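**Q** Below is the file upload.cif, with mmCIF, N, CA and C atoms.
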data_work
loop_
_atom_site.label_atom_id
_atom_site.label_comp_id
_atom_site.auth_asym_id
_atom_site.auth_seq_id
_atom_site.Cartn_x
_atom_site.Cartn_y
_atom_site.Cartn_z
N MET T 1 121.45 54.28 49.41
CA MET T 1 121.56 52.91 49.82
C MET T 1 122.74 52.29 49.07
N GLU T 2 123.64 51.62 49.76
CA GLU T 2 124.79 51.01 49.13
C GLU T 2 124.39 49.72 48.43
N ILE T 3 124.97 49.51 47.26
CA ILE T 3 124.59 48.37 46.43
C ILE T 3 125.07 47.04 46.97
N ASN T 4 126.13 47.02 47.78
CA ASN T 4 126.69 45.76 48.24
C ASN T 4 126.10 45.28 49.56
N LYS T 5 125.11 45.94 50.07
CA LYS T 5 124.49 45.53 51.32
C LYS T 5 123.14 44.87 51.05
N VAL T 6 122.68 44.11 52.00
CA VAL T 6 121.39 43.46 51.88
C VAL T 6 120.31 44.53 51.91
N VAL T 7 119.43 44.44 50.95
CA VAL T 7 118.35 45.41 50.84
C VAL T 7 117.07 44.72 51.28
N ILE T 8 116.42 45.33 52.22
CA ILE T 8 115.19 44.73 52.74
C ILE T 8 114.04 45.72 52.53
N PHE T 9 113.04 45.23 51.88
CA PHE T 9 111.84 46.03 51.68
C PHE T 9 110.70 45.35 52.42
N ALA T 10 109.96 46.09 53.13
CA ALA T 10 108.79 45.54 53.79
C ALA T 10 107.59 46.35 53.35
N VAL T 11 106.61 45.65 52.87
CA VAL T 11 105.39 46.30 52.42
C VAL T 11 104.26 45.81 53.32
N LEU T 12 103.59 46.73 53.92
CA LEU T 12 102.46 46.37 54.77
C LEU T 12 101.19 46.87 54.11
N PHE T 13 100.19 46.05 54.07
CA PHE T 13 98.92 46.51 53.56
C PHE T 13 97.79 45.87 54.36
N ASN T 14 96.65 46.54 54.37
CA ASN T 14 95.52 46.12 55.17
C ASN T 14 94.32 45.94 54.24
N THR T 15 93.90 44.70 54.06
CA THR T 15 92.73 44.40 53.25
C THR T 15 91.79 43.58 54.10
N SER T 16 90.61 44.10 54.32
CA SER T 16 89.61 43.43 55.15
C SER T 16 90.19 42.99 56.49
N ARG T 17 90.92 43.89 57.10
CA ARG T 17 91.52 43.69 58.42
C ARG T 17 92.56 42.57 58.43
N ILE T 18 93.09 42.20 57.27
CA ILE T 18 94.15 41.19 57.18
C ILE T 18 95.45 41.93 56.91
N MET T 19 96.41 41.73 57.77
CA MET T 19 97.71 42.37 57.59
C MET T 19 98.66 41.37 56.95
N ALA T 20 99.33 41.78 55.92
CA ALA T 20 100.31 40.92 55.26
C ALA T 20 101.64 41.65 55.22
N LYS T 21 102.70 40.94 55.40
CA LYS T 21 104.03 41.52 55.37
C LYS T 21 104.86 40.77 54.32
N ILE T 22 105.43 41.53 53.42
CA ILE T 22 106.26 40.95 52.38
C ILE T 22 107.67 41.42 52.60
N ARG T 23 108.62 40.49 52.63
CA ARG T 23 110.02 40.83 52.85
C ARG T 23 110.83 40.27 51.68
N ILE T 24 111.57 41.13 51.07
CA ILE T 24 112.42 40.71 49.96
C ILE T 24 113.85 41.04 50.34
N SER T 25 114.72 40.05 50.32
CA SER T 25 116.12 40.25 50.63
C SER T 25 116.95 39.85 49.42
N ALA T 26 117.98 40.62 49.16
CA ALA T 26 118.88 40.27 48.06
C ALA T 26 120.26 40.78 48.38
N LYS T 27 121.25 40.01 48.02
CA LYS T 27 122.63 40.44 48.17
C LYS T 27 123.31 40.19 46.84
N ILE T 28 124.00 41.15 46.37
CA ILE T 28 124.65 41.04 45.07
C ILE T 28 125.94 40.25 45.20
N ASP T 29 126.07 39.25 44.36
CA ASP T 29 127.28 38.42 44.30
C ASP T 29 128.18 39.04 43.23
N GLU T 30 129.01 39.97 43.64
CA GLU T 30 129.79 40.77 42.70
C GLU T 30 130.79 39.94 41.89
N ASN T 31 131.29 38.85 42.44
CA ASN T 31 132.29 38.04 41.74
C ASN T 31 131.68 36.88 40.96
N GLY T 32 130.37 36.68 41.10
CA GLY T 32 129.73 35.56 40.41
C GLY T 32 130.04 34.21 41.01
N ASP T 33 130.47 34.21 42.28
CA ASP T 33 130.85 32.96 42.93
C ASP T 33 129.68 32.00 43.10
N LEU T 34 128.50 32.53 43.42
CA LEU T 34 127.34 31.66 43.59
C LEU T 34 126.96 31.00 42.27
N LYS T 35 127.06 31.74 41.19
CA LYS T 35 126.75 31.18 39.87
C LYS T 35 127.75 30.09 39.51
N LYS T 36 129.04 30.33 39.77
CA LYS T 36 130.06 29.32 39.50
C LYS T 36 129.83 28.06 40.33
N LEU T 37 129.47 28.24 41.61
CA LEU T 37 129.23 27.10 42.48
C LEU T 37 128.01 26.32 42.00
N GLY T 38 126.95 27.03 41.65
CA GLY T 38 125.75 26.37 41.15
C GLY T 38 126.00 25.60 39.87
N GLU T 39 126.79 26.19 38.97
CA GLU T 39 127.12 25.51 37.71
C GLU T 39 127.98 24.27 37.97
N ALA T 40 128.86 24.34 38.97
CA ALA T 40 129.69 23.17 39.31
C ALA T 40 128.82 22.04 39.86
N ILE T 41 127.87 22.37 40.72
CA ILE T 41 126.95 21.36 41.26
C ILE T 41 126.17 20.71 40.13
N LYS T 42 125.65 21.54 39.23
CA LYS T 42 124.87 21.04 38.09
C LYS T 42 125.74 20.14 37.21
N ASP T 43 126.97 20.53 36.98
CA ASP T 43 127.88 19.76 36.14
C ASP T 43 128.17 18.40 36.76
N VAL T 44 128.46 18.38 38.05
CA VAL T 44 128.72 17.10 38.75
C VAL T 44 127.48 16.23 38.69
N ARG T 45 126.32 16.83 38.94
CA ARG T 45 125.05 16.08 38.92
C ARG T 45 124.80 15.44 37.56
N LYS T 46 125.06 16.16 36.50
CA LYS T 46 124.77 15.65 35.15
C LYS T 46 125.83 14.68 34.64
N ASN T 47 127.03 14.70 35.22
CA ASN T 47 128.10 13.83 34.75
C ASN T 47 128.30 12.57 35.59
N LEU T 48 127.37 12.31 36.48
CA LEU T 48 127.44 11.06 37.26
C LEU T 48 127.11 9.88 36.35
N THR T 49 127.55 8.71 36.74
CA THR T 49 127.22 7.51 35.99
C THR T 49 125.70 7.35 35.93
N ALA T 50 125.07 7.45 37.08
CA ALA T 50 123.61 7.46 37.15
C ALA T 50 123.18 8.91 37.28
N LYS T 51 122.94 9.56 36.16
CA LYS T 51 122.64 11.00 36.16
C LYS T 51 121.41 11.30 37.01
N PHE T 52 121.56 12.25 37.92
CA PHE T 52 120.46 12.69 38.77
C PHE T 52 119.73 13.82 38.08
N SER T 53 118.43 13.82 38.21
CA SER T 53 117.68 15.01 37.84
C SER T 53 117.83 15.99 39.01
N GLN T 54 117.51 17.23 38.76
CA GLN T 54 117.58 18.22 39.83
C GLN T 54 116.65 17.82 40.98
N GLU T 55 115.50 17.29 40.64
CA GLU T 55 114.54 16.85 41.65
C GLU T 55 115.08 15.68 42.47
N GLN T 56 115.75 14.73 41.81
CA GLN T 56 116.35 13.60 42.53
C GLN T 56 117.44 14.06 43.48
N LEU T 57 118.27 15.00 43.03
CA LEU T 57 119.33 15.51 43.88
C LEU T 57 118.74 16.22 45.09
N ALA T 58 117.69 17.01 44.87
CA ALA T 58 117.03 17.70 45.98
C ALA T 58 116.52 16.68 47.00
N PHE T 59 115.88 15.62 46.51
CA PHE T 59 115.35 14.59 47.40
C PHE T 59 116.47 13.89 48.16
N GLU T 60 117.51 13.47 47.44
CA GLU T 60 118.61 12.73 48.06
C GLU T 60 119.38 13.57 49.08
N SER T 61 119.48 14.87 48.84
CA SER T 61 120.24 15.74 49.74
C SER T 61 119.39 16.36 50.84
N GLY T 62 118.06 16.26 50.71
CA GLY T 62 117.18 16.85 51.71
C GLY T 62 117.05 18.36 51.57
N VAL T 63 117.36 18.87 50.39
CA VAL T 63 117.23 20.31 50.11
C VAL T 63 115.94 20.50 49.32
N ASP T 64 115.19 21.53 49.65
CA ASP T 64 113.94 21.81 48.95
C ASP T 64 114.18 21.91 47.44
N ARG T 65 113.28 21.35 46.66
CA ARG T 65 113.42 21.31 45.20
C ARG T 65 113.55 22.70 44.58
N GLY T 66 112.72 23.63 45.04
CA GLY T 66 112.80 25.00 44.54
C GLY T 66 114.11 25.68 44.92
N HIS T 67 114.57 25.41 46.12
CA HIS T 67 115.83 25.98 46.59
C HIS T 67 117.00 25.41 45.78
N MET T 68 116.91 24.13 45.43
CA MET T 68 117.96 23.50 44.63
C MET T 68 118.08 24.19 43.27
N GLY T 69 116.97 24.51 42.68
CA GLY T 69 116.99 25.22 41.40
C GLY T 69 117.66 26.58 41.52
N LYS T 70 117.34 27.28 42.60
CA LYS T 70 117.95 28.59 42.84
C LYS T 70 119.45 28.46 43.09
N ILE T 71 119.85 27.42 43.79
CA ILE T 71 121.28 27.18 44.04
C ILE T 71 122.01 26.96 42.72
N GLU T 72 121.45 26.10 41.86
CA GLU T 72 122.11 25.80 40.59
C GLU T 72 122.16 27.00 39.65
N ARG T 73 121.19 27.91 39.77
CA ARG T 73 121.20 29.12 38.94
C ARG T 73 122.01 30.25 39.56
N GLY T 74 122.52 30.03 40.78
CA GLY T 74 123.31 31.06 41.45
C GLY T 74 122.46 32.17 42.02
N GLU T 75 121.20 31.89 42.28
CA GLU T 75 120.27 32.89 42.79
C GLU T 75 120.11 32.83 44.30
N SER T 76 120.67 31.83 44.91
CA SER T 76 120.51 31.65 46.35
C SER T 76 121.84 31.34 47.00
N ASN T 77 122.06 31.95 48.15
CA ASN T 77 123.28 31.67 48.88
C ASN T 77 123.18 30.26 49.45
N LEU T 78 124.27 29.57 49.47
CA LEU T 78 124.32 28.18 49.87
C LEU T 78 125.02 28.06 51.22
N THR T 79 124.37 27.42 52.18
CA THR T 79 125.03 27.23 53.47
C THR T 79 126.02 26.08 53.37
N LEU T 80 126.97 26.07 54.26
CA LEU T 80 127.95 25.00 54.30
C LEU T 80 127.26 23.65 54.51
N LEU T 81 126.28 23.62 55.39
CA LEU T 81 125.58 22.36 55.64
C LEU T 81 124.88 21.84 54.39
N ASN T 82 124.27 22.74 53.60
CA ASN T 82 123.63 22.29 52.37
C ASN T 82 124.66 21.84 51.35
N LEU T 83 125.80 22.50 51.28
CA LEU T 83 126.87 22.06 50.39
C LEU T 83 127.33 20.66 50.77
N LEU T 84 127.45 20.39 52.06
CA LEU T 84 127.86 19.07 52.53
C LEU T 84 126.80 18.01 52.19
N LYS T 85 125.53 18.36 52.36
CA LYS T 85 124.45 17.43 52.02
C LYS T 85 124.44 17.11 50.53
N ILE T 86 124.61 18.16 49.72
CA ILE T 86 124.61 17.99 48.26
C ILE T 86 125.80 17.14 47.83
N SER T 87 126.98 17.44 48.37
CA SER T 87 128.16 16.67 47.98
C SER T 87 128.04 15.21 48.41
N GLN T 88 127.45 14.98 49.57
CA GLN T 88 127.26 13.60 50.04
C GLN T 88 126.29 12.86 49.10
N ALA T 89 125.23 13.53 48.68
CA ALA T 89 124.28 12.90 47.75
C ALA T 89 124.93 12.62 46.41
N LEU T 90 125.87 13.49 46.00
CA LEU T 90 126.58 13.30 44.74
C LEU T 90 127.77 12.35 44.87
N LYS T 91 127.99 11.86 46.08
CA LYS T 91 129.09 10.94 46.39
C LYS T 91 130.46 11.53 46.01
N CYS T 92 130.63 12.76 46.44
CA CYS T 92 131.93 13.42 46.26
C CYS T 92 132.18 14.29 47.49
N LYS T 93 133.32 14.90 47.54
CA LYS T 93 133.68 15.79 48.65
C LYS T 93 133.31 17.22 48.29
N ALA T 94 132.97 18.01 49.29
CA ALA T 94 132.60 19.41 49.07
C ALA T 94 133.73 20.17 48.39
N TYR T 95 134.98 19.86 48.78
CA TYR T 95 136.11 20.58 48.19
C TYR T 95 136.22 20.30 46.69
N GLU T 96 135.76 19.13 46.24
CA GLU T 96 135.80 18.82 44.81
C GLU T 96 134.85 19.72 44.02
N ILE T 97 133.70 19.99 44.60
CA ILE T 97 132.75 20.91 43.97
C ILE T 97 133.33 22.31 43.95
N LEU T 98 133.93 22.72 45.06
CA LEU T 98 134.53 24.06 45.13
C LEU T 98 135.68 24.18 44.13
N GLN T 99 136.49 23.14 43.99
CA GLN T 99 137.58 23.16 43.00
C GLN T 99 137.03 23.28 41.58
N LYS T 100 135.98 22.52 41.30
CA LYS T 100 135.36 22.55 39.98
C LYS T 100 134.84 23.95 39.66
N ALA T 101 134.37 24.65 40.70
CA ALA T 101 133.87 26.02 40.54
C ALA T 101 135.00 27.04 40.54
N ASP T 102 136.23 26.57 40.73
CA ASP T 102 137.41 27.43 40.81
C ASP T 102 137.31 28.43 41.96
N LEU T 103 136.87 27.91 43.10
CA LEU T 103 136.72 28.74 44.30
C LEU T 103 137.68 28.27 45.38
#
Before anything else, please render the file you have as structure tokens.
**A**
Amino acid sequence: MEINKVVIFAVLFNTSRIMAKIRISAKIDENGDLKKLGEAIKDVRKNLTAKFSQEQLAFESGVDRGHMGKIERGESNLTLLNLLKISQALKCKAYEILQKADL
């Protein structure tokens, strides 16, 4: 299995006639771009005049609170639409966040 491809594991089990399916997907960010982007978002959030908590930013941007944490830690891929929502909530442009992340 190649390391740079999405790895999908599916585990099926049957307990009392209940079928459950677990899917785990992961893609390796070889350049650390997601981590840099997440750190840039966190930095902008913390350096605002009215500092947002991670929970406040999630609420203001309409991004799930748990997902926001994963974004800031670089554990989750970020869609363009979510980047736009986050930048709008932070009252900045998406390109400013990307510049801050050196991307």
**Q** Carefully work through the PyMOL selection byres (((chain T and resi 73-89 and name CA) around 7) and name CA) for this structure and note down the residues it includes, as a PyMOL selection string.
**A** chain T and resi 34-35+38+57+60-61+69-72+90-94
**Q** Counting all atoms listed in the file, which residues have an atom no more than 8 Å from (134.8, 19.7, 38.1) in the file's coordinates? Please list them as a ChimeraX atom specification.
**A** /T:40-41,43-44,96-102
**Q** Could you turn the residues from that selection into a file that holds N, CA and C atoms, as an mmCIF file, in the frame of the given file?
**A**
data_model
loop_
_atom_site.group_PDB
_atom_site.id
_atom_site.type_symbol
_atom_site.label_atom_id
_atom_site.label_comp_id
_atom_site.auth_asym_id
_atom_site.auth_seq_id
_atom_site.Cartn_x
_atom_site.Cartn_y
_atom_site.Cartn_z
ATOM 1 N N ALA T 40 128.860 24.340 38.970
ATOM 2 C CA ALA T 40 129.690 23.170 39.310
ATOM 3 C C ALA T 40 128.820 22.040 39.860
ATOM 4 N N ILE T 41 127.870 22.370 40.720
ATOM 5 C CA ILE T 41 126.950 21.360 41.260
ATOM 6 C C ILE T 41 126.170 20.710 40.130
ATOM 7 N N ASP T 43 126.970 20.530 36.980
ATOM 8 C CA ASP T 43 127.880 19.760 36.140
ATOM 9 C C ASP T 43 128.170 18.400 36.760
ATOM 10 N N VAL T 44 128.460 18.380 38.050
ATOM 11 C CA VAL T 44 128.720 17.100 38.750
ATOM 12 C C VAL T 44 127.480 16.230 38.690
ATOM 13 N N GLU T 96 135.760 19.130 46.240
ATOM 14 C CA GLU T 96 135.800 18.820 44.810
ATOM 15 C C GLU T 96 134.850 19.720 44.020
ATOM 16 N N ILE T 97 133.700 19.990 44.600
ATOM 17 C CA ILE T 97 132.750 20.910 43.970
ATOM 18 C C ILE T 97 133.330 22.310 43.950
ATOM 19 N N LEU T 98 133.930 22.720 45.060
ATOM 20 C CA LEU T 98 134.530 24.060 45.130
ATOM 21 C C LEU T 98 135.680 24.180 44.130
ATOM 22 N N GLN T 99 136.490 23.140 43.990
ATOM 23 C CA GLN T 99 137.580 23.160 43.000
ATOM 24 C C GLN T 99 137.030 23.280 41.580
ATOM 25 N N LYS T 100 135.980 22.520 41.300
ATOM 26 C CA LYS T 100 135.360 22.550 39.980
ATOM 27 C C LYS T 100 134.840 23.950 39.660
ATOM 28 N N ALA T 101 134.370 24.650 40.700
ATOM 29 C CA ALA T 101 133.870 26.020 40.540
ATOM 30 C C ALA T 101 135.000 27.040 40.540
ATOM 31 N N ASP T 102 136.230 26.570 40.730
ATOM 32 C CA ASP T 102 137.410 27.430 40.810
ATOM 33 C C ASP T 102 137.310 28.430 41.960
#
**Q** In Å to one decimal, how far is atom N of Glu55 (chain T) from CA of Met68 (chain T)?
**A**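 Result for CA of Met68 (chain T) versus atom N of Glu55 (chain T): 7.8 Å, one decimal.
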**Q** Between atom N of Phe59 (chain T) and atom C of Lys46 (chain T), what distance in Å does the model show, to one decimal?
**A**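 Straight-line distance from atom N of Phe59 (chain T) to atom C of Lys46 (chain T) works out to 15.5 Å.
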**Q** Would you work out the distance separating CA of Ala58 (chain T) from CA of Lys42 (chain T), expressed in Å to one decimal?
**A**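 Value for the CA of Ala58 (chain T)-CA of Lys42 (chain T) distance: 11.6 Å.
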